[in-house]
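This is coords.cif. It holds mmCIF, C-alpha atoms.
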data_my_file
loop_
_atom_site.label_atom_id
_atom_site.label_comp_id
_atom_site.auth_asym_id
_atom_site.auth_seq_id
_atom_site.Cartn_x
_atom_site.Cartn_y
_atom_site.Cartn_z
CA MET A 111 -11.86 2.73 -2.41
CA PHE A 112 -8.15 3.39 -2.31
CA VAL A 113 -6.05 1.31 -4.73
CA LEU A 114 -2.30 1.25 -4.14
CA VAL A 115 -0.21 -0.43 -6.85
CA ASN A 116 3.19 -1.50 -5.53
CA LEU A 117 5.63 -1.86 -8.43
CA LYS A 118 8.18 -3.57 -6.17
CA ALA A 119 11.35 -4.14 -8.24
CA TYR A 120 9.61 -5.61 -11.26
CA PRO A 121 11.19 -4.94 -14.68
CA ARG A 122 8.40 -2.62 -15.76
CA ASP A 123 8.46 0.99 -16.95
CA PRO A 124 7.01 2.81 -13.94
CA VAL A 125 5.98 5.80 -16.02
CA GLU A 126 3.92 3.55 -18.30
CA VAL A 127 2.00 2.22 -15.29
CA ALA A 128 1.62 5.70 -13.80
CA GLU A 129 0.25 7.09 -17.06
CA ALA A 130 -2.14 4.16 -17.23
CA ALA A 131 -3.36 4.94 -13.72
CA ALA A 132 -3.80 8.60 -14.59
CA SER A 133 -5.87 7.63 -17.63
CA VAL A 134 -8.36 5.52 -15.69
CA ASP A 135 -11.55 7.48 -15.10
CA SER A 136 -13.19 6.35 -11.89
CA GLY A 137 -14.95 8.48 -9.36
CA ALA A 138 -15.27 5.47 -7.08
CA ALA A 139 -11.56 4.75 -6.66
CA GLU A 140 -8.42 6.67 -5.77
CA ILE A 141 -5.36 5.14 -7.44
CA ALA A 142 -1.77 5.56 -6.24
CA ILE A 143 1.50 4.09 -7.50
CA ALA A 144 4.47 3.04 -5.34
CA PRO A 145 7.60 2.86 -7.54
CA GLN A 146 11.23 2.30 -6.66
CA THR A 147 12.72 5.29 -4.84
CA ALA A 148 14.83 6.24 -7.88
CA HIS A 149 11.65 6.52 -9.97
CA ILE A 150 9.51 8.59 -7.60
CA ASP A 151 10.15 11.85 -9.42
CA ALA A 152 9.36 10.42 -12.87
CA VAL A 153 6.13 8.84 -11.62
CA ALA A 154 5.07 11.96 -9.74
CA GLU A 155 5.53 14.05 -12.88
CA THR A 156 2.66 12.12 -14.51
CA GLY A 157 0.31 13.65 -11.96
CA VAL A 158 -0.66 10.34 -10.39
CA GLN A 159 -0.59 10.05 -6.61
CA THR A 160 2.86 8.67 -5.77
CA TRP A 161 3.93 6.73 -2.70
CA ALA A 162 7.34 5.63 -1.47
CA GLN A 163 7.72 1.89 -0.97
CA HIS A 164 9.51 2.61 2.31
CA LEU A 165 10.77 5.42 4.51
CA SER A 166 13.68 4.97 6.89
CA PRO A 167 13.34 5.98 10.56
CA VAL A 168 16.06 8.63 10.22
CA GLU A 169 16.54 12.39 10.03
CA HIS A 170 19.14 14.34 8.06
CA GLY A 171 22.63 13.07 8.89
CA SER A 172 24.95 10.10 8.46
CA HIS A 173 22.53 7.48 7.17
CA THR A 174 23.98 6.00 3.98
CA GLY A 175 21.52 3.80 2.09
CA SER A 176 18.48 5.16 3.89
CA THR A 177 15.33 6.55 2.29
CA LEU A 178 15.04 10.00 3.83
CA ALA A 179 11.48 11.31 4.14
CA GLU A 180 12.46 14.78 2.99
CA ALA A 181 14.16 13.40 -0.12
CA ALA A 182 11.10 11.33 -1.02
CA ALA A 183 8.89 14.37 -0.54
CA ASP A 184 11.18 16.54 -2.68
CA ALA A 185 10.90 13.91 -5.43
CA GLY A 186 7.10 14.19 -5.36
CA ALA A 187 5.89 11.38 -3.09
CA THR A 188 2.92 12.06 -0.83
CA GLY A 189 2.61 8.77 1.03
CA THR A 190 4.52 5.69 2.12
CA LEU A 191 4.04 1.98 2.60
CA LEU A 192 5.73 0.52 5.68
CA ASN A 193 6.51 -2.96 7.00
CA HIS A 194 5.65 -4.85 3.82
CA SER A 195 6.29 -8.57 4.26
CA GLU A 196 9.25 -8.21 1.89
CA ASN A 197 10.74 -5.43 4.05
CA ARG A 198 9.87 -6.17 7.65
CA LEU A 199 10.64 -3.63 10.37
CA LYS A 200 10.93 -3.79 14.14
CA LEU A 201 8.09 -2.09 15.99
CA ALA A 202 10.36 0.75 17.09
CA ASP A 203 11.47 1.31 13.49
CA ILE A 204 7.88 1.41 12.27
CA ASP A 205 7.23 4.06 14.89
CA GLY A 206 10.31 5.98 13.76
CA SER A 207 9.30 5.74 10.11
CA LEU A 208 5.83 7.03 10.97
CA ASP A 209 7.48 9.99 12.72
CA ALA A 210 9.54 10.58 9.58
CA ALA A 211 6.41 10.47 7.44
CA ASP A 212 4.70 12.91 9.79
CA ARG A 213 7.55 15.39 9.34
CA VAL A 214 6.69 15.71 5.65
CA GLY A 215 2.94 15.22 5.88
CA PHE A 216 2.81 11.82 4.17
CA ASP A 217 -0.15 9.49 4.20
CA THR A 218 0.90 6.20 5.76
CA CYS A 219 -0.04 2.54 5.57
CA VAL A 220 1.52 -0.13 7.78
CA CYS A 221 1.30 -3.72 6.57
CA ALA A 222 0.72 -6.65 8.90
CA ASN A 223 0.22 -10.41 8.59
CA ASN A 224 -2.82 -10.96 10.77
CA PRO A 225 -5.38 -9.24 13.03
CA ASP A 226 -3.13 -9.32 16.10
CA GLN A 227 -0.39 -7.49 14.21
CA ILE A 228 -3.02 -5.13 12.76
CA ARG A 229 -4.00 -4.21 16.31
CA ALA A 230 -0.38 -3.43 17.21
CA ALA A 231 0.16 -1.45 14.02
CA ALA A 232 -3.01 0.58 14.48
CA ALA A 233 -1.87 1.56 17.95
CA LEU A 234 1.07 3.42 16.38
CA GLY A 235 -1.30 5.86 14.69
CA PRO A 236 -0.87 5.39 10.93
CA ASP A 237 -3.52 6.57 8.50
CA ALA A 238 -4.15 2.98 7.44
CA VAL A 239 -3.12 -0.59 8.06
CA ALA A 240 -3.12 -3.40 5.51
CA VAL A 241 -3.68 -7.05 6.25
CA GLU A 242 -1.54 -9.22 3.96
CA PRO A 243 -0.99 -12.90 4.77
CA PRO A 244 2.47 -13.40 3.19
CA GLU A 245 1.66 -16.84 1.81
CA LEU A 246 -0.97 -15.27 -0.47
CA ILE A 247 1.18 -12.47 -1.87
CA GLY A 248 1.60 -12.99 -5.59
CA SER A 249 -0.53 -16.14 -5.45
CA GLY A 250 -3.46 -14.82 -7.45
CA THR A 251 -5.74 -15.99 -4.63
CA PRO A 252 -7.07 -13.01 -2.66
CA VAL A 253 -7.29 -13.16 1.09
CA SER A 254 -10.95 -12.14 0.75
CA LYS A 255 -11.56 -15.59 -0.78
CA ALA A 256 -8.92 -17.68 0.96
CA ASP A 257 -9.83 -16.55 4.46
CA PRO A 258 -12.37 -13.70 4.62
CA ASP A 259 -12.44 -13.87 8.42
CA ILE A 260 -8.91 -12.47 8.49
CA VAL A 261 -10.17 -9.30 6.80
CA ARG A 262 -13.23 -9.03 9.04
CA ASP A 263 -11.13 -9.62 12.15
CA ALA A 264 -8.52 -7.11 10.97
CA VAL A 265 -11.22 -4.45 10.58
CA GLU A 266 -12.51 -5.20 14.07
CA ALA A 267 -8.99 -5.17 15.51
CA ALA A 268 -8.19 -1.76 14.05
CA GLU A 269 -11.54 -0.31 15.15
CA SER A 270 -10.97 -1.56 18.69
CA VAL A 271 -7.76 0.47 18.89
CA ASP A 272 -8.47 3.53 16.73
CA PRO A 273 -11.63 3.83 14.59
CA THR A 274 -9.96 6.52 12.46
CA VAL A 275 -7.40 4.05 11.05
CA ASP A 276 -8.50 2.68 7.67
CA VAL A 277 -8.01 -0.99 6.86
CA TYR A 278 -6.75 -2.11 3.44
CA CYS A 279 -6.77 -5.61 2.04
CA GLY A 280 -3.72 -7.00 0.27
CA ALA A 281 -2.29 -10.27 -1.06
CA GLY A 282 -3.61 -11.84 -4.23
CA ILE A 283 -5.80 -8.93 -5.35
CA SER A 284 -6.08 -8.99 -9.14
CA THR A 285 -9.69 -8.40 -10.25
CA GLY A 286 -12.56 -6.03 -9.72
CA GLU A 287 -14.41 -8.86 -8.00
CA ASP A 288 -11.57 -9.03 -5.45
CA VAL A 289 -11.84 -5.29 -4.79
CA VAL A 290 -15.61 -5.47 -4.31
CA ALA A 291 -15.21 -8.45 -1.97
CA ALA A 292 -12.65 -6.53 0.09
CA ARG A 293 -15.02 -3.58 0.37
CA GLU A 294 -17.89 -5.84 1.45
CA LEU A 295 -15.69 -7.25 4.21
CA GLY A 296 -15.10 -3.74 5.56
CA ALA A 297 -11.84 -2.76 3.87
CA GLU A 298 -11.52 0.78 2.56
CA GLY A 299 -8.71 0.06 0.14
CA VAL A 300 -6.59 -2.62 -1.49
CA LEU A 301 -2.90 -3.21 -2.14
CA LEU A 302 -1.73 -5.10 -5.18
CA ALA A 303 1.37 -5.54 -7.30
CA SER A 304 1.65 -8.22 -9.98
CA GLY A 305 -1.97 -7.87 -11.09
CA VAL A 306 -1.04 -4.52 -12.62
CA ALA A 307 2.76 -4.45 -12.69
CA LYS A 308 2.93 -7.67 -14.71
CA ALA A 309 -0.13 -7.01 -16.89
CA ASP A 310 0.29 -6.76 -20.66
CA ASP A 311 -2.04 -3.75 -20.59
CA PRO A 312 -1.87 -1.98 -17.20
CA ALA A 313 -4.60 0.52 -18.14
CA ALA A 314 -7.01 -2.32 -18.93
CA ALA A 315 -6.01 -4.13 -15.72
CA LEU A 316 -6.67 -1.02 -13.66
CA ALA A 317 -9.97 -0.36 -15.40
CA ASP A 318 -11.06 -3.93 -14.67
CA LEU A 319 -10.20 -3.35 -11.02
CA VAL A 320 -12.20 -0.18 -10.52
CA ASP A 321 -15.08 -0.52 -13.01
CA PRO A 322 -17.16 -2.78 -10.72
CA LEU A 323 -17.05 -0.07 -8.06
#
As a first step, turn the structure in this file into structure tokens.
Amino acid sequence: MFVLVNLKAYPRDPVEVAEAAASVDSGAAEIAIAPQTAHIDAVAETGVQTWAQHLSPVEHGSHTGSTLAEAAADAGATGTLLNHSENRLKLADIDGSLDAADRVGFDTCVCANNPDQIRAAAALGPDAVAVEPPELIGSGTPVSKADPDIVRDAVEAAESVDPTVDVYCGAGISTGEDVVAARELGAEGVLLASGVAKADDPAAALADLVDPL
């Protein structure tokens, strides 16, 4: 299982979380951290797999305020999250951001609210898509419990378009039980944020997530 921890803009030392992730010994899970852009280099230096929270659909040039793929790669990122519910993109911009990620060889995951959006996202050719009903983000109630059919239908939707696109489960993931439930519904990874980023002991929180695997 792939576990992507999105640190968002929480007031947490990203290096502390990255070091915690690097310390977790689990052959059953692959853990990555998505810090703020300004912290990518510091997180990458810990040796943990590091993702950008966003890439802009731009090339080198006059693009003030953009997150350039090449700059994120130079800082040590190897993947990117796109179209999170807190940073929605137009379809054309998602496509452009995927092209930007492809220029630097990034792994990619496009977020979507529901199976219909998952189908559209999968058609753009990312490595993975993540189903995240926005009303459950940060709720502590995982989508695998609130509405497991959304996860099953998202897996079917992605497979109907491109069977090579992995499906991740996000929104409300906070325990190892949630991760196991997501796997049983067909997901090959999970996205989470507050369950680790707000934990008193991020290493313990991560261990609790992956130990049941």
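Minimum atom-to-atom distances from A:Pro273, A:Pro312, A:Pro258, A:Pro322 to Val289 in chain A were compared using all atoms listed in the file, and the lowest value belongs to A:Pro322.
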With distances taken over only C-alpha atoms, the candidate from A:Ala268, A:Ala291, A:Ala230, A:Leu208 nearest Ala256 in chain A is A:Ala291
Name all residues at most 6 Å from range 293-308 of chain A (count all atoms listed in the file; drop same-chain ones fewer than 4 positions away) and give them as a list of chain:residue names.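 Close residues of range 293-308 of chain A: A:Met111, A:Phe112, A:Val113, A:Leu114, A:Val115, A:Asn116, A:Leu117, A:Arg262, A:Val277, A:Tyr278, A:Cys279, A:Gly280, A:Ile283, A:Ser284, A:Pro312, A:Ala315.
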Could the residues in this selection be saved with C-alpha atoms as a PDB file, keeping the file's coordinate frame?
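Generated file (selection_17.pdb):
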ATOM      1  CA  MET A 111     -11.860   2.730  -2.410  1.00  0.00           C
ATOM      2  CA  PHE A 112      -8.150   3.390  -2.310  1.00  0.00           C
ATOM      3  CA  VAL A 113      -6.050   1.310  -4.730  1.00  0.00           C
ATOM      4  CA  LEU A 114      -2.300   1.250  -4.140  1.00  0.00           C
ATOM      5  CA  VAL A 115      -0.210  -0.430  -6.850  1.00  0.00           C
ATOM      6  CA  ASN A 116       3.190  -1.500  -5.530  1.00  0.00           C
ATOM      7  CA  LEU A 117       5.630  -1.860  -8.430  1.00  0.00           C
ATOM      8  CA  ARG A 262     -13.230  -9.030   9.040  1.00  0.00           C
ATOM      9  CA  VAL A 277      -8.010  -0.990   6.860  1.00  0.00           C
ATOM     10  CA  TYR A 278      -6.750  -2.110   3.440  1.00  0.00           C
ATOM     11  CA  CYS A 279      -6.770  -5.610   2.040  1.00  0.00           C
ATOM     12  CA  GLY A 280      -3.720  -7.000   0.270  1.00  0.00           C
ATOM     13  CA  ILE A 283      -5.800  -8.930  -5.350  1.00  0.00           C
ATOM     14  CA  SER A 284      -6.080  -8.990  -9.140  1.00  0.00           C
ATOM     15  CA  PRO A 312      -1.870  -1.980 -17.200  1.00  0.00           C
ATOM     16  CA  ALA A 315      -6.010  -4.130 -15.720  1.00  0.00           C
TER      17      ALA A 315
END
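We find CA of Thr174 in chain A and CA of Thr160 in chain A to be spaced 23.4 Å apart.
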Counting all atoms listed in the file, which residue out of A:Leu192, A:Ala187, A:Val320, A:Ala314 sits closest to Val127 in chain A? A:Ala314
Nearest residue to Pro225 in chain A out of A:Asp263, A:Glu169, A:Asp276, A:Glu155, using only C-alpha atoms?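 Of the candidates, the smallest distance to Pro225 in chain A is held by A:Asp263.
Distances to Ala264 in chain A were evaluated for A:Ile228, A:Ala292, A:Ala238, A:Ala154 using only C-alpha atoms, and the minimum falls at A:Ile228.
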Closest of A:Gln159, A:Asn197, A:Thr147, A:Ser254 to Gly175 in chain A - atom-to-atom distances counting only C-alpha atoms: A:Thr147
Give me the residues within 10 Å of Glu129 in chain A as an MDAnalysis selection string, counting only C-alpha atoms and dropping any in the same chain fewer than 5 places off. chainID A and resid 124 134 153 155:158 312:313
Model the absent atoms of range 260-271 of chain A so that all heavy atoms are present, and write the result as a PDB file, in the coordinates of the input.
ATOM      1  N   ILE A 260     -10.089 -13.265   8.162  1.00  0.00           N
ATOM      2  CA  ILE A 260      -8.910 -12.470   8.490  1.00  0.00           C
ATOM      3  C   ILE A 260      -9.184 -10.989   8.221  1.00  0.00           C
ATOM      4  O   ILE A 260      -8.801 -10.114   9.004  1.00  0.00           O
ATOM      5  CB  ILE A 260      -7.679 -12.949   7.689  1.00  0.00           C
ATOM      6  CG1 ILE A 260      -7.181 -14.284   8.224  1.00  0.00           C
ATOM      7  CG2 ILE A 260      -6.549 -11.907   7.754  1.00  0.00           C
ATOM      8  CD1 ILE A 260      -5.941 -14.801   7.524  1.00  0.00           C
ATOM      9  N   VAL A 261      -9.859 -10.695   7.123  1.00  0.00           N
ATOM     10  CA  VAL A 261     -10.170  -9.300   6.800  1.00  0.00           C
ATOM     11  C   VAL A 261     -11.169  -8.737   7.798  1.00  0.00           C
ATOM     12  O   VAL A 261     -10.983  -7.642   8.337  1.00  0.00           O
ATOM     13  CB  VAL A 261     -10.715  -9.181   5.366  1.00  0.00           C
ATOM     14  CG1 VAL A 261     -10.977  -7.722   5.025  1.00  0.00           C
ATOM     15  CG2 VAL A 261      -9.738  -9.784   4.366  1.00  0.00           C
ATOM     16  N   ARG A 262     -12.232  -9.495   8.066  1.00  0.00           N
ATOM     17  CA  ARG A 262     -13.230  -9.030   9.040  1.00  0.00           C
ATOM     18  C   ARG A 262     -12.588  -8.786  10.404  1.00  0.00           C
ATOM     19  O   ARG A 262     -12.826  -7.771  11.054  1.00  0.00           O
ATOM     20  CB  ARG A 262     -14.349 -10.072   9.185  1.00  0.00           C
ATOM     21  CG  ARG A 262     -15.213 -10.267   7.959  1.00  0.00           C
ATOM     22  CD  ARG A 262     -16.426 -11.109   8.317  1.00  0.00           C
ATOM     23  NE  ARG A 262     -17.172 -11.515   7.139  1.00  0.00           N
ATOM     24  CZ  ARG A 262     -17.026 -12.686   6.525  1.00  0.00           C
ATOM     25  NH1 ARG A 262     -16.147 -13.576   6.992  1.00  0.00           N
ATOM     26  NH2 ARG A 262     -17.742 -12.980   5.460  1.00  0.00           N
ATOM     27  N   ASP A 263     -11.758  -9.738  10.831  1.00  0.00           N
ATOM     28  CA  ASP A 263     -11.130  -9.620  12.150  1.00  0.00           C
ATOM     29  C   ASP A 263     -10.118  -8.470  12.177  1.00  0.00           C
ATOM     30  O   ASP A 263      -9.946  -7.812  13.215  1.00  0.00           O
ATOM     31  CB  ASP A 263     -10.426 -10.925  12.521  1.00  0.00           C
ATOM     32  CG  ASP A 263     -11.404 -12.056  12.786  1.00  0.00           C
ATOM     33  OD1 ASP A 263     -12.615 -11.780  12.921  1.00  0.00           O
ATOM     34  OD2 ASP A 263     -10.958 -13.230  12.834  1.00  0.00           O
ATOM     35  N   ALA A 264      -9.460  -8.218  11.041  1.00  0.00           N
ATOM     36  CA  ALA A 264      -8.520  -7.110  10.970  1.00  0.00           C
ATOM     37  C   ALA A 264      -9.252  -5.775  11.106  1.00  0.00           C
ATOM     38  O   ALA A 264      -8.777  -4.858  11.789  1.00  0.00           O
ATOM     39  CB  ALA A 264      -7.741  -7.145   9.653  1.00  0.00           C
ATOM     40  N   VAL A 265     -10.406  -5.668  10.461  1.00  0.00           N
ATOM     41  CA  VAL A 265     -11.220  -4.450  10.580  1.00  0.00           C
ATOM     42  C   VAL A 265     -11.646  -4.241  12.026  1.00  0.00           C
ATOM     43  O   VAL A 265     -11.545  -3.132  12.564  1.00  0.00           O
ATOM     44  CB  VAL A 265     -12.445  -4.535   9.650  1.00  0.00           C
ATOM     45  CG1 VAL A 265     -13.409  -3.388   9.925  1.00  0.00           C
ATOM     46  CG2 VAL A 265     -12.013  -4.519   8.187  1.00  0.00           C
ATOM     47  N   GLU A 266     -12.096  -5.305  12.665  1.00  0.00           N
ATOM     48  CA  GLU A 266     -12.510  -5.200  14.070  1.00  0.00           C
ATOM     49  C   GLU A 266     -11.338  -4.852  14.972  1.00  0.00           C
ATOM     50  O   GLU A 266     -11.480  -4.051  15.911  1.00  0.00           O
ATOM     51  CB  GLU A 266     -13.154  -6.514  14.520  1.00  0.00           C
ATOM     52  CG  GLU A 266     -14.489  -6.801  13.856  1.00  0.00           C
ATOM     53  CD  GLU A 266     -15.076  -8.132  14.300  1.00  0.00           C
ATOM     54  OE1 GLU A 266     -14.445  -8.809  15.150  1.00  0.00           O
ATOM     55  OE2 GLU A 266     -16.153  -8.496  13.799  1.00  0.00           O
ATOM     56  N   ALA A 267     -10.178  -5.437  14.687  1.00  0.00           N
ATOM     57  CA  ALA A 267      -8.990  -5.170  15.510  1.00  0.00           C
ATOM     58  C   ALA A 267      -8.586  -3.708  15.425  1.00  0.00           C
ATOM     59  O   ALA A 267      -8.273  -3.077  16.442  1.00  0.00           O
ATOM     60  CB  ALA A 267      -7.841  -6.072  15.062  1.00  0.00           C
ATOM     61  N   ALA A 268      -8.562  -3.165  14.212  1.00  0.00           N
ATOM     62  CA  ALA A 268      -8.190  -1.760  14.050  1.00  0.00           C
ATOM     63  C   ALA A 268      -9.209  -0.844  14.717  1.00  0.00           C
ATOM     64  O   ALA A 268      -8.841   0.124  15.402  1.00  0.00           O
ATOM     65  CB  ALA A 268      -8.064  -1.420  12.563  1.00  0.00           C
ATOM     66  N   GLU A 269     -10.488  -1.147  14.552  1.00  0.00           N
ATOM     67  CA  GLU A 269     -11.540  -0.310  15.150  1.00  0.00           C
ATOM     68  C   GLU A 269     -11.465  -0.334  16.669  1.00  0.00           C
ATOM     69  O   GLU A 269     -11.774   0.663  17.328  1.00  0.00           O
ATOM     70  CB  GLU A 269     -12.908  -0.782  14.685  1.00  0.00           C
ATOM     71  CG  GLU A 269     -13.214  -0.437  13.233  1.00  0.00           C
ATOM     72  CD  GLU A 269     -14.596  -0.891  12.806  1.00  0.00           C
ATOM     73  OE1 GLU A 269     -15.210  -1.696  13.553  1.00  0.00           O
ATOM     74  OE2 GLU A 269     -15.054  -0.445  11.737  1.00  0.00           O
ATOM     75  N   SER A 270     -11.046  -1.459  17.235  1.00  0.00           N
ATOM     76  CA  SER A 270     -10.970  -1.560  18.690  1.00  0.00           C
ATOM     77  C   SER A 270      -9.874  -0.684  19.272  1.00  0.00           C
ATOM     78  O   SER A 270      -9.912  -0.310  20.447  1.00  0.00           O
ATOM     79  CB  SER A 270     -10.736  -3.018  19.108  1.00  0.00           C
ATOM     80  OG  SER A 270      -9.418  -3.446  18.783  1.00  0.00           O
ATOM     81  N   VAL A 271      -8.882  -0.354  18.441  1.00  0.00           N
ATOM     82  CA  VAL A 271      -7.760   0.470  18.890  1.00  0.00           C
ATOM     83  C   VAL A 271      -7.960   1.922  18.504  1.00  0.00           C
ATOM     84  O   VAL A 271      -7.808   2.834  19.329  1.00  0.00           O
ATOM     85  CB  VAL A 271      -6.434  -0.049  18.276  1.00  0.00           C
ATOM     86  CG1 VAL A 271      -5.284   0.894  18.608  1.00  0.00           C
ATOM     87  CG2 VAL A 271      -6.135  -1.440  18.775  1.00  0.00           C
TER      88      VAL A 271
END
